[in-house]
Every structure is written in C-alpha cells, then in structure tokens.
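Pasted below: structure.tsv, TSV, C-alpha atoms.
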chain	number	residue	atom	x	y	z
A	1110	MET	CA	86.77	174.41	73.25
A	1111	THR	CA	84.29	171.70	74.12
A	1112	ILE	CA	84.90	168.91	76.62
A	1113	ILE	CA	82.34	166.12	76.67
A	1114	ILE	CA	82.08	163.82	79.70
A	1115	VAL	CA	80.70	160.49	78.57
A	1116	LYS	CA	77.58	159.33	80.41
A	1117	LYS	CA	76.22	155.80	80.66
A	1118	GLY	CA	74.53	154.88	77.40
A	1119	ASP	CA	76.38	157.47	75.28
A	1120	SER	CA	77.81	156.36	71.95
A	1121	LEU	CA	80.55	157.93	69.85
A	1122	TRP	CA	78.11	158.35	66.97
A	1123	GLN	CA	75.59	160.21	69.17
A	1124	ILE	CA	78.27	162.54	70.55
A	1125	ALA	CA	79.67	163.21	67.08
A	1126	THR	CA	76.22	163.94	65.64
A	1127	LYS	CA	75.26	166.26	68.47
A	1128	ASN	CA	78.51	168.23	68.15
A	1129	LYS	CA	78.54	168.20	64.32
A	1130	VAL	CA	81.94	166.53	64.03
A	1131	ASP	CA	83.11	163.41	62.26
A	1132	PRO	CA	83.55	160.43	64.63
A	1133	SER	CA	86.99	159.77	63.14
A	1134	LYS	CA	88.08	163.25	64.26
A	1135	ILE	CA	87.06	162.50	67.86
A	1136	ILE	CA	88.97	159.21	67.70
A	1137	GLU	CA	92.08	160.97	66.36
A	1138	VAL	CA	92.11	163.94	68.75
A	1139	ASN	CA	91.54	161.74	71.80
A	1140	GLY	CA	93.76	158.79	70.86
A	1141	LEU	CA	90.94	156.26	71.05
A	1142	GLU	CA	91.63	152.71	69.88
A	1143	SER	CA	88.00	152.00	68.92
A	1144	THR	CA	84.52	153.47	69.15
A	1145	ALA	CA	84.04	152.01	72.63
A	1146	LEU	CA	83.45	154.47	75.49
A	1147	VAL	CA	83.08	154.30	79.27
A	1148	PRO	CA	81.26	156.63	81.69
A	1149	GLY	CA	83.46	159.46	82.96
A	1150	LEU	CA	85.71	159.50	79.88
A	1151	ALA	CA	86.64	163.07	78.88
A	1152	LEU	CA	86.53	163.72	75.14
A	1153	TYR	CA	88.05	166.87	73.66
A	1154	ILE	CA	86.33	168.40	70.65
A	1155	PRO	CA	88.23	171.39	69.22
A	1156	ASP	CA	85.88	174.08	67.91
A	1157	GLU	CA	85.66	177.81	67.41
A	1158	ASN	CA	84.59	178.59	70.98
A	1159	VAL	CA	86.89	181.11	72.65
A	1160	VAL	CA	88.46	179.88	75.88
A	1161	ASN	CA	88.31	182.40	78.70
A	1162	ARG	CA	91.67	183.51	80.06
A	1163	ARG	CA	92.34	183.37	83.80
A	1164	TYR	CA	93.64	186.43	85.64
A	1165	LEU	CA	94.45	187.35	89.24
A	1166	ILE	CA	93.50	190.89	90.27
A	1167	LYS	CA	96.53	192.99	91.19
A	1168	SER	CA	96.97	196.25	93.06
A	1169	ARG	CA	95.72	199.27	91.08
A	1170	ASP	CA	93.95	197.11	88.48
A	1171	THR	CA	90.82	198.45	86.82
A	1172	LEU	CA	88.42	196.53	84.62
A	1173	SER	CA	89.02	198.94	81.74
A	1174	GLY	CA	92.78	198.56	82.09
A	1175	ILE	CA	92.50	194.77	82.16
A	1176	GLY	CA	90.21	194.96	79.14
A	1177	ILE	CA	92.75	196.96	77.15
A	1178	ARG	CA	95.50	194.47	78.02
A	1179	PHE	CA	93.42	191.49	76.88
A	1180	GLY	CA	91.71	193.08	73.89
A	1181	THR	CA	88.25	193.13	75.44
A	1182	SER	CA	85.99	195.50	77.39
A	1183	ALA	CA	85.07	196.11	81.00
A	1184	ALA	CA	81.48	195.21	80.11
A	1185	ALA	CA	82.54	191.82	78.69
A	1186	ILE	CA	84.61	191.09	81.79
A	1187	THR	CA	81.70	192.02	84.06
A	1188	LYS	CA	79.36	189.76	82.09
A	1189	ALA	CA	81.81	186.83	82.43
A	1190	ASN	CA	82.12	187.40	86.19
A	1191	PRO	CA	78.67	187.92	87.75
A	1192	GLY	CA	78.89	189.81	91.01
A	1193	ILE	CA	82.19	191.57	90.31
A	1194	VAL	CA	82.16	195.28	91.18
A	1195	GLY	CA	84.47	197.42	89.08
A	1196	ASN	CA	85.22	199.99	91.77
A	1197	ALA	CA	85.80	197.39	94.49
A	1198	LEU	CA	88.25	194.92	92.99
A	1199	LYS	CA	89.94	192.69	95.55
A	1200	VAL	CA	93.62	191.86	95.05
A	1201	GLY	CA	94.14	188.14	94.48
A	1202	THR	CA	90.64	187.47	93.16
A	1203	GLU	CA	90.65	185.18	90.14
A	1204	ILE	CA	88.48	186.31	87.24
A	1205	LEU	CA	87.65	185.04	83.76
A	1206	ILE	CA	88.49	187.20	80.76
A	1207	PRO	CA	86.84	186.59	77.36
A	1208	SER	CA	89.89	187.51	75.30
A	1209	PRO	CA	90.70	187.04	71.60
A	1210	TYR	CA	94.38	186.86	72.59
A	1211	LYS	CA	95.92	183.45	73.17
A	1212	ASN	CA	98.34	182.87	76.02
A	1213	GLN	CA	101.97	182.90	74.85
A	1214	LEU	CA	104.28	180.30	76.37
A	1215	ILE	CA	107.79	178.90	76.18
A	1216	THR	CA	107.40	175.12	76.12
A	1217	LEU	CA	109.98	172.41	76.61
A	1218	GLY	CA	109.66	168.69	76.04
A	1219	PHE	CA	111.97	165.98	77.32
A	1220	ALA	CA	112.96	163.00	75.20
A	1221	PHE	CA	115.23	159.97	75.42
A	1222	PRO	CA	117.23	159.07	72.29
A	1223	ALA	CA	116.17	155.43	72.74
A	1224	SER	CA	112.46	156.29	72.60
A	1225	GLY	CA	112.61	155.88	68.84
A	1226	GLY	CA	109.65	156.37	66.55
A	1227	VAL	CA	107.14	157.91	68.96
A	1228	VAL	CA	109.43	160.86	69.72
A	1229	PHE	CA	110.17	161.44	66.04
A	1230	GLU	CA	106.47	161.28	65.19
A	1231	THR	CA	105.66	163.73	68.00
A	1232	LEU	CA	108.27	166.17	66.72
A	1233	GLU	CA	107.02	165.77	63.16
A	1234	GLU	CA	103.41	166.45	64.15
A	1235	ASN	CA	103.91	168.86	67.06
A	1236	GLY	CA	107.29	170.52	66.64
A	1237	ASP	CA	105.47	173.82	66.17
A	1238	LYS	CA	104.19	173.46	69.73
A	1239	LEU	CA	107.64	173.15	71.34
A	1240	SER	CA	110.19	175.89	71.93
A	1241	TYR	CA	112.87	173.49	73.20
A	1242	LEU	CA	113.60	169.78	73.40
A	1243	ALA	CA	115.82	168.65	76.28
A	1244	ILE	CA	117.54	165.49	75.06
A	1245	VAL	CA	118.01	163.17	78.04
A	1246	ALA	CA	121.32	161.60	77.05
A	1247	TYR	CA	124.10	162.78	79.38
A	1248	THR	CA	125.56	162.12	82.78
A	1249	PHE	CA	129.10	162.61	84.13
A	1250	THR	CA	132.00	160.84	85.80
A	1251	ASN	CA	133.22	161.24	89.38
A	1252	GLU	CA	135.76	163.73	88.02
A	1253	GLY	CA	133.11	165.81	86.28
A	1254	TYR	CA	133.51	164.71	82.66
A	1255	ALA	CA	130.20	164.68	80.78
A	1256	PHE	CA	129.49	161.72	78.53
A	1257	ALA	CA	126.61	160.49	76.40
A	1258	ASP	CA	124.48	157.52	77.37
A	1259	GLY	CA	122.85	157.14	73.96
A	1260	ASP	CA	123.09	158.48	70.41
A	1261	ASP	CA	121.66	162.00	70.46
A	1262	LEU	CA	122.59	163.01	66.90
A	1263	PRO	CA	119.39	161.77	65.18
A	1264	LEU	CA	117.24	163.74	67.65
A	1265	ILE	CA	119.34	166.87	67.18
A	1266	ALA	CA	118.88	166.56	63.42
A	1267	LYS	CA	115.11	166.08	63.86
A	1268	CYS	CA	114.96	169.20	66.03
A	1269	GLU	CA	116.65	171.22	63.30
A	1270	GLN	CA	114.19	169.84	60.73
A	1271	THR	CA	111.12	170.66	62.85
A	1272	GLY	CA	112.22	174.07	64.16
A	1273	VAL	CA	112.76	173.03	67.79
A	1274	THR	CA	115.87	174.17	69.69
A	1275	PRO	CA	117.68	171.19	71.24
A	1276	LEU	CA	119.15	171.44	74.74
A	1277	LEU	CA	121.78	169.10	76.15
A	1278	MET	CA	120.23	167.62	79.27
A	1279	ILE	CA	122.59	166.34	81.93
A	1280	ARG	CA	121.71	164.36	85.04
A	1281	ASN	CA	123.65	162.93	87.96
A	1282	PHE	CA	122.66	159.45	86.83
A	1283	LYS	CA	124.64	156.38	87.85
A	1284	ASP	CA	123.68	152.71	87.80
A	1285	GLY	CA	120.17	153.56	86.69
A	1286	ASP	CA	119.27	156.19	89.30
A	1287	PHE	CA	120.07	159.67	90.58
A	1288	ASP	CA	123.21	159.57	92.69
A	1289	ALA	CA	123.59	162.15	95.47
A	1290	ASP	CA	127.24	161.26	96.05
A	1291	LEU	CA	128.08	161.77	92.37
A	1292	ALA	CA	126.56	165.26	92.45
A	1293	GLY	CA	128.08	166.15	95.82
A	1294	GLY	CA	131.58	164.99	94.91
A	1295	VAL	CA	131.73	167.02	91.70
A	1296	LEU	CA	130.12	170.15	93.15
A	1297	ASN	CA	132.50	170.10	96.12
A	1298	SER	CA	135.57	170.37	93.88
A	1299	PRO	CA	136.42	173.53	91.90
A	1300	VAL	CA	138.49	171.36	89.55
A	1301	TYR	CA	135.66	168.88	88.93
A	1302	ARG	CA	133.13	171.69	88.47
A	1303	ALA	CA	135.39	173.21	85.83
A	1304	ASN	CA	135.75	169.81	84.15
A	1305	LEU	CA	131.99	169.47	83.94
A	1306	ILE	CA	131.50	172.97	82.54
A	1307	ASN	CA	134.24	172.59	79.95
A	1308	SER	CA	133.17	169.14	78.81
A	1309	MET	CA	129.54	170.25	78.48
A	1310	LEU	CA	130.51	173.34	76.50
A	1311	ASN	CA	132.61	171.25	74.14
A	1312	LEU	CA	129.65	168.93	73.51
A	1313	VAL	CA	127.22	171.83	73.06
A	1314	ARG	CA	129.47	173.45	70.44
A	1315	GLU	CA	130.42	170.23	68.71
A	1316	LYS	CA	126.84	168.97	68.32
A	1317	GLY	CA	124.99	172.22	67.79
A	1318	TYR	CA	122.92	172.40	70.97
A	1319	GLY	CA	121.14	175.66	71.81
A	1320	GLY	CA	122.06	175.40	75.47
A	1321	VAL	CA	121.83	173.14	78.50
A	1322	SER	CA	119.05	171.73	80.68
A	1323	MET	CA	120.27	170.76	84.16
A	1324	ASP	CA	118.56	168.00	86.13
A	1325	ILE	CA	120.79	167.45	89.15
A	1326	GLU	CA	118.64	165.85	91.83
A	1327	PHE	CA	119.13	164.94	95.50
A	1328	ILE	CA	122.04	167.35	95.84
A	1329	PRO	CA	123.48	167.06	99.36
A	1330	PRO	CA	122.25	170.14	101.29
A	1331	ALA	CA	125.83	171.05	102.17
A	1332	ARG	CA	126.52	171.54	98.45
A	1333	ARG	CA	123.60	173.85	97.63
A	1334	SER	CA	125.77	176.99	97.46
A	1335	ASP	CA	128.28	175.11	95.32
A	1336	TYR	CA	125.50	174.25	92.88
A	1337	VAL	CA	124.49	177.91	92.57
A	1338	LEU	CA	128.14	178.85	92.02
A	1339	PHE	CA	128.42	176.14	89.37
A	1340	LEU	CA	125.32	177.42	87.56
A	1341	LYS	CA	126.59	181.01	87.57
A	1342	GLU	CA	129.93	179.88	86.17
A	1343	LEU	CA	128.18	177.75	83.56
A	1344	LYS	CA	125.89	180.59	82.48
A	1345	GLU	CA	128.85	182.91	82.10
A	1346	GLU	CA	130.45	180.45	79.69
A	1347	LEU	CA	127.23	179.71	77.83
A	1348	ASN	CA	126.78	183.43	77.23
A	1349	GLU	CA	123.77	183.84	74.91
A	1350	LEU	CA	122.94	180.12	74.93
A	1351	ILE	CA	120.11	178.95	77.20
A	1352	LEU	CA	120.63	177.71	80.76
A	1353	HIS	CA	117.52	175.78	81.78
A	1354	VAL	CA	117.38	174.31	85.31
A	1355	ASN	CA	114.91	171.77	86.70
A	1356	VAL	CA	114.22	171.96	90.43
A	1357	HIS	CA	112.41	169.80	92.98
A	1358	ALA	CA	108.91	170.94	93.93
A	1359	LYS	CA	108.63	172.32	97.46
A	1360	THR	CA	106.46	174.72	99.45
A	1361	ALA	CA	109.19	176.03	101.79
A	1362	ASP	CA	112.97	176.22	101.65
A	1363	ASN	CA	113.87	173.31	103.99
A	1364	PRO	CA	117.63	173.80	103.43
A	1365	ASP	CA	118.58	170.70	105.44
A	1366	ASN	CA	116.17	168.32	103.71
A	1367	ARG	CA	118.10	165.56	101.91
A	1368	ILE	CA	115.71	165.56	98.94
A	1369	VAL	CA	114.89	169.21	98.28
A	1370	GLY	CA	117.44	171.06	100.42
A	1371	GLY	CA	120.11	171.17	97.70
A	1372	HIS	CA	117.99	173.39	95.46
A	1373	ASP	CA	118.25	177.04	96.48
A	1374	TYR	CA	115.43	178.63	94.50
A	1375	ARG	CA	116.74	182.16	94.94
A	1376	GLY	CA	120.26	181.42	93.78
A	1377	ILE	CA	119.12	179.16	90.95
A	1378	GLY	CA	116.59	181.74	89.80
A	1379	GLU	CA	119.31	184.38	89.64
A	1380	ALA	CA	121.66	182.17	87.64
A	1381	ALA	CA	119.31	180.52	85.14
A	1382	ASP	CA	117.43	181.79	82.11
A	1383	LEU	CA	114.54	179.39	82.77
A	1384	VAL	CA	113.61	177.40	85.88
A	1385	ALA	CA	111.20	174.46	85.64
A	1386	VAL	CA	109.57	173.41	88.91
A	1387	MET	CA	108.89	169.67	88.84
A	1388	THR	CA	105.22	169.80	89.85
A	1389	ILE	CA	104.88	166.09	89.07
A	1390	ASP	CA	105.04	162.79	90.94
A	1391	TYR	CA	103.07	163.84	93.99
A	1392	GLY	CA	101.81	160.31	93.52
A	1393	TYR	CA	104.98	158.32	92.88
A	1394	PRO	CA	106.00	154.73	92.04
A	1395	THR	CA	105.89	152.32	95.03
A	1396	GLY	CA	104.09	154.95	97.11
A	1397	PRO	CA	100.35	154.98	97.86
A	1398	PRO	CA	98.02	155.70	94.92
A	1399	GLU	CA	97.72	159.48	94.62
A	1400	PRO	CA	97.14	162.05	91.85
A	1401	ILE	CA	100.27	162.66	89.77
A	1402	SER	CA	100.02	166.44	89.95
A	1403	PRO	CA	97.04	167.51	92.08
A	1404	LEU	CA	95.82	171.04	91.49
A	1405	TRP	CA	95.92	172.13	95.12
A	1406	TRP	CA	99.55	170.98	95.49
A	1407	MET	CA	100.60	172.54	92.20
A	1408	GLY	CA	99.17	175.85	93.41
A	1409	GLU	CA	101.03	175.69	96.74
A	1410	VAL	CA	104.33	174.90	95.02
A	1411	LEU	CA	103.98	177.63	92.41
A	1412	ARG	CA	102.97	180.28	94.92
A	1413	TYR	CA	106.11	179.54	96.90
A	1414	ALA	CA	108.29	179.52	93.79
A	1415	LEU	CA	106.81	182.83	92.63
A	1416	SER	CA	107.71	184.43	95.95
A	1417	ILE	CA	111.36	183.92	94.99
A	1418	ILE	CA	111.69	183.40	91.23
A	1419	PRO	CA	110.20	185.92	88.76
A	1420	GLU	CA	107.32	184.63	86.65
A	1421	TYR	CA	109.13	185.45	83.39
A	1422	LYS	CA	111.68	182.72	84.21
A	1423	LEU	CA	109.34	180.13	85.69
A	1424	GLN	CA	107.88	177.01	84.09
A	1425	SER	CA	105.66	174.34	85.61
A	1426	ALA	CA	106.17	170.67	84.75
A	1427	PHE	CA	103.20	168.85	83.20
A	1428	PRO	CA	103.00	165.03	83.33
A	1429	MET	CA	102.24	163.21	80.08
A	1430	TYR	CA	101.57	159.98	81.95
A	1431	GLY	CA	99.76	158.11	84.68
A	1432	TYR	CA	100.56	155.38	87.18
A	1433	ASP	CA	98.87	152.03	87.65
A	1434	TRP	CA	99.24	150.81	91.25
A	1435	ILE	CA	98.50	147.28	92.47
A	1436	VAL	CA	97.03	147.46	95.96
A	1437	PRO	CA	97.96	146.84	98.66
A	1438	SER	CA	101.52	146.02	97.45
A	1439	HIS	CA	101.93	149.44	95.68
A	1440	GLU	CA	103.77	147.78	92.82
A	1441	THR	CA	103.62	150.47	90.14
A	1442	LYS	CA	103.63	150.67	86.36
A	1443	ALA	CA	103.91	153.89	84.37
A	1444	LEU	CA	101.84	154.40	81.24
A	1445	SER	CA	101.11	157.26	78.87
A	1446	ALA	CA	98.03	159.41	79.38
A	1447	GLN	CA	96.58	157.94	76.20
A	1448	ASN	CA	97.23	154.35	77.31
A	1449	ALA	CA	95.76	155.03	80.75
A	1450	GLN	CA	92.55	156.32	79.18
A	1451	ASN	CA	92.37	153.32	76.84
A	1452	LEU	CA	93.06	150.93	79.72
A	1453	ALA	CA	89.92	152.24	81.41
A	1454	ILE	CA	87.96	151.54	78.22
A	1455	ALA	CA	89.49	148.06	77.80
A	1456	THR	CA	88.60	147.10	81.37
A	1457	ALA	CA	85.16	148.78	81.24
A	1458	ALA	CA	86.14	150.89	84.25
A	1459	GLU	CA	84.16	154.03	85.05
A	1460	ILE	CA	86.41	157.07	85.31
A	1461	THR	CA	85.81	159.49	88.18
A	1462	PHE	CA	87.21	163.00	88.54
A	1463	ASP	CA	88.62	164.34	91.80
A	1464	THR	CA	87.63	168.02	91.66
A	1465	SER	CA	90.01	169.24	94.38
A	1466	ALA	CA	92.95	167.54	92.66
A	1467	ALA	CA	91.52	168.15	89.17
A	1468	SER	CA	92.64	164.62	88.31
A	1469	PRO	CA	90.92	161.58	86.75
A	1470	THR	CA	91.15	158.13	88.30
A	1471	PHE	CA	89.68	154.63	87.97
A	1472	THR	CA	89.98	151.17	89.46
A	1473	TYR	CA	89.89	147.71	87.91
A	1474	ARG	CA	90.66	144.10	88.76
A	1475	ARG	CA	92.96	141.79	86.83
A	1476	GLU	CA	94.51	138.41	87.67
A	1477	ASN	CA	93.12	138.51	91.21
A	1478	SER	CA	94.73	141.91	91.86
A	1479	ASN	CA	93.07	145.26	92.51
A	1480	HIS	CA	94.46	148.22	90.55
A	1481	VAL	CA	94.19	151.98	91.07
A	1482	VAL	CA	95.10	154.32	88.21
A	1483	TRP	CA	95.64	158.07	88.35
A	1484	PHE	CA	96.42	159.88	85.10
A	1485	GLU	CA	96.00	163.10	83.13
A	1486	ASP	CA	93.31	164.03	80.62
A	1487	ILE	CA	91.99	167.12	78.85
A	1488	ARG	CA	90.21	168.27	82.03
A	1489	SER	CA	93.32	168.12	84.21
A	1490	ILE	CA	95.72	169.50	81.62
A	1491	SER	CA	93.48	172.42	80.57
A	1492	THR	CA	93.12	173.33	84.25
A	1493	LYS	CA	96.91	173.38	84.58
A	1494	TYR	CA	97.16	175.75	81.62
A	1495	GLU	CA	94.64	178.01	83.38
A	1496	VAL	CA	96.85	178.03	86.48
A	1497	ILE	CA	99.99	179.06	84.64
A	1498	ASP	CA	97.97	181.69	82.78
A	1499	ALA	CA	96.58	183.14	86.02
A	1500	TYR	CA	100.04	183.16	87.60
A	1501	GLU	CA	101.55	184.54	84.37
A	1502	LEU	CA	104.28	181.90	84.20
A	1503	ILE	CA	106.46	181.89	81.10
A	1504	GLY	CA	105.65	178.31	80.21
A	1505	ALA	CA	105.43	174.58	80.77
A	1506	THR	CA	107.56	171.46	80.39
A	1507	TYR	CA	106.40	167.99	79.37
A	1508	TRP	CA	107.78	164.77	80.82
A	1509	GLN	CA	108.15	163.21	78.33
A	1510	ILE	CA	107.16	163.38	74.67
A	1511	GLY	CA	107.76	159.67	74.07
A	1512	LEU	CA	104.48	159.24	75.99
A	1513	GLU	CA	101.42	159.84	73.85
A	1514	PHE	CA	98.93	162.49	74.95
A	1515	PRO	CA	97.14	163.80	71.84
A	1516	GLN	CA	94.62	165.85	73.85
A	1517	ASN	CA	97.47	168.03	75.13
A	1518	TRP	CA	98.77	168.84	71.66
A	1519	ALA	CA	95.25	169.52	70.36
A	1520	PHE	CA	94.67	171.94	73.25
A	1521	ILE	CA	97.89	173.83	72.47
A	1522	GLU	CA	96.98	173.98	68.77
A	1523	GLN	CA	93.73	175.75	69.57
A	1524	ASN	CA	94.59	177.86	72.61
A	1525	ILE	CA	98.32	178.63	72.95
A	1526	LEU	CA	100.87	180.64	70.97
A	1527	ILE	CA	104.36	179.16	71.28
A	1528	ILE	CA	107.35	181.45	71.69
A	1529	LYS	CA	110.25	180.20	69.58
Kindly transcribe the structure held in the file into structure tokens.
Amino acid sequence: MTIIIVKKGDSLWQIATKNKVDPSKIIEVNGLESTALVPGLALYIPDENVVNRRYLIKSRDTLSGIGIRFGTSAAAITKANPGIVGNALKVGTEILIPSPYKNQLITLGFAFPASGGVVFETLEENGDKLSYLAIVAYTFTNEGYAFADGDDLPLIAKCEQTGVTPLLMIRNFKDGDFDADLAGGVLNSPVYRANLINSMLNLVREKGYGGVSMDIEFIPPARRSDYVLFLKELKEELNELILHVNVHAKTADNPDNRIVGGHDYRGIGEAADLVAVMTIDYGYPTGPPEPISPLWWMGEVLRYALSIIPEYKLQSAFPMYGYDWIVPSHETKALSAQNAQNLAIATAAEITFDTSAASPTFTYRRENSNHVVWFEDIRSISTKYEVIDAYELIGATYWQIGLEFPQNWAFIEQNILIIK
C-alpha cells in the first residue's frame, strides 16, 4: 500500500509517473473529479506492498509464537520493530508484524432505501466487501408495532444478487428524530415489548431478512434493564438469525446519563451476536468543529468496551463522511468523504492532518463566511483498521454506504478478507 501526500507544485502526471501507475487509475481509486490537486491531499495507490499487521503483546507471548500465528518469523518481527527484545516482551506494547495473512473482518454497511442509485452502485461494485447490510427502513408505534418508512424490497433483492445478508434495522424514530419517550414507553410494557418482537419477526420472515440490527438511542436510564430483557427475548425468537445491536460510544458506564445511560454494555453484549460501538460523531452537527472520529477517543471507547464485551462480538463504527461547519454560528452540513476531499480541491484549500486525532481538516471562505471541514481519508481510515486489528475486533460498520468513499473500498480490496 502506498499513500502519497501531495506537496505544493506536485501534479497528477508526476505522481503517476513516479509510482508507475496510470493517472486514470489514481483518479478512479481516489474519487477525483479532475486532475487538479491541493497540498495535503492524501492519494491512495494500491500496489503489491504488504501492509504490516498491528498486534498488542499479551501475557506469555513469544516472538516465535507470534510469528507462527501470523505466518512469519521472529527474525522478521524483530527487523520490523527495532529495539524489541525477544526475552523481555512487555504486555500491552504495540508491534508491527510483516504478515502474508490479511485481517479477517465481519463488515456491515447501513443504507436508506431512498438513497437510490448510489447505494445500488456501491453494492454492485463492493458487495464482496460487506458481510451485512442494515436497511434503515423501520420504526415502531407507541404500542410496539414495527412498520416500514420506505420501500425496502428493492434493496433486499439487491443484497441477494450481490451476496450480502440484509438485516432489518429498526430505530425509535418519530417526527424525524430519535424519541426517548417512544423507546421508554414500549420497553416499560411487557405487552408492547412482545408486540415489537412479534411484528419484527413477522417482517423478517416475510421479507427474507437474515436478522435484525437494533438502533434504539437515548433510552431512558430507568429502562436499561428492560432493554436488555427485550434483546434476550428477541434473540431467543430469532434463534439462528443475527441479532446486531448498535450502542452509544462511552468510556465509563454512567448509568444515570440521559444519553448513554440506557445502554448496558454487559447485558447487551451477553444478549447480542454482534455489538457495534458508534465511535462516530465526536464532532457533531451544530457543535464546535471537531474531528468526526478522533483516534485517541476511539481508543478510549474501545478499551472500555473491550473490558466488558468480548472482542469476537465487537465492531467499531467507521464514518464515511465529513462535516462542514460555518463559524462562529456552527451551522453544519454533512458531506461524503469523497465530496469533502473534492471541496478542498475546488476551493484550493490546503489540507492539514491532525496526528493525534489521525484526521484531515481544512478551512475555506465562501459568501463572506468562514468554513471548517473535518472528514475522513485513506490516512484516517487505514489507521482505524490498524486499531481494530491490534485490538482483535471482529469487524467494522460503515455509516452509510450512500456516501461515496472509494478509498475505503480500495483499502479493503487490497488488505482485508471479509467473513460472509
């Protein structure tokens, strides 16, 4: 894998010639709209170079044992990690491993039925890189009856065609937003919980879903045990079908917190087959400009989650987007990772990279307003894959595949094996 950071004066032709690749390939892989470049732009050039795996030293590890596991040798590991001493390995130390084995992950994308052509094109081109697609089409009534807010049948058919397992995704959505009272009212009633389970199961069977993805947010803290009970009851009825649960990111339990308190990691981890921690939106709409998913925060959240939920159930959420803030009003617009990158080029804005957050950012001025953009690129996303590799998580989720991010799919193609 080669990542080129554009410098002032660089041209696409020069970069292509130096790396012995056709300029049209660079344009395609990186989603460029023209040959124009700006300083700080990260270009991904797939090649035959082996990407080092990341690994955290554990108790009783030996370099030879690690080498056997990753298909390499103690000598190769020592060479990749100058200064490491084989007979004095320190638990928790992160090392690089030159391995011929690719990381194997369970991946899940989210998609709205109304997204139209972009989602279908993504599935057509990248269905081999997704284990599951959670179709964001369902909510429920105050009495717990699930209903569709969109036509999900075309997406289900496309999943079958492209070899992706569709999951029915349900949210406590009402009047265009997550509704805490809707979730609390249903979870508080054994009758309404049963209604929700039965109506979801009927839809899963009727439409051919492979399971359910739950995204119940802002659950009243008083209802957290009811949510765990609901998930256990749901899993029992789903039987061999998948129960996937999305949870708020947090670094401590905070059971009384109105935002994250309703998600009991321990209980949810016991009930679910897969748990996706929403390590996204650290920087959020209408808030101050911040990285979407800063590396240091992602690490804190995942370390806490791993203290409670086993790694073979745990996924980390990856953002496929960026935010464009107007300052100082903090009016915010979301845009795909590809569009954010191309906005920087269109406005001739130099892109900088925050190393502690592992996130790219730029500023520009338009119509007498100052803008700050934080987004994702090949540098930030490849670093996130290294984190989940080091922590041995089972996979990643992508919000959402209607947002174009060709660098991500190109990285998976070269470096990841997808578990179907």
Practice problem: Would you work out the distance separating CA of Cys1268 (chain A) from CA of Met1429 (chain A), expressed in Å to one decimal? | Solution: 19.9 Å
Exercise. For CA of Leu1217 (chain A) and CA of Leu1264 (chain A), determine how far apart the two atoms are, in Å to one decimal place.
Key: 14.4 Å
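Minimum distance to Phe1221 (chain A) across A:Ile1497, A:Leu1411, A:Ala1266, A:Met1278 (counting only C-alpha atoms) occurs at A:Met1278.
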Residues of region 1340-1400 of chain A at most 12 Å from region 1444-1467 of chain A: nearest atom pair and distance in Å, all atoms listed in the file, as JSON lines:
{"residue": "A:Tyr1391", "atom": "CA", "partner": "A:Ala1466", "partner_atom": "CA", "distance": 10.9}
{"residue": "A:Gly1392", "atom": "CA", "partner": "A:Ala1466", "partner_atom": "CA", "distance": 11.5}
{"residue": "A:Pro1394", "atom": "CA", "partner": "A:Leu1444", "partner_atom": "CA", "distance": 11.6}
{"residue": "A:Glu1399", "atom": "CA", "partner": "A:Ala1466", "partner_atom": "CA", "distance": 9.6}
{"residue": "A:Pro1400", "atom": "CA", "partner": "A:Ala1466", "partner_atom": "CA", "distance": 7.0}
Quiz item: Which of these, A:Tyr1241, A:Phe1287, A:Tyr1393, A:Phe1249, has the shortest distance to His1353 (chain A) once you count only C-alpha atoms?
Solution: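 Of A:Tyr1241, A:Phe1287, A:Tyr1393, A:Phe1249, the one nearest His1353 (chain A), counting only C-alpha atoms, is A:Tyr1241.
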Practice problem: Pick out the residues sitting within 7 Å of Leu1150 (chain A), and hand them over as a list in words; count only C-alpha atoms, and ignore anything fewer than 3 positions along from it in its own chain. | Solution: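 In the requested form, the answer reads Ile1114, Val1115, Val1147 and Ile1460 of chain A.
From CA of Ala1385 (chain A) back to CA of Leu1262 (chain A), the distance works out to 24.7 Å.
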Exercise. Go ahead and find all residues with at least one atom no further than 10 Å from (79.8, 162.7, 70.9) in the file's coordinates, using only C-alpha atoms; report them as a PyMOL selection string.
Key: chain A and resi 1112-1115+1119-1132+1135+1152-1154
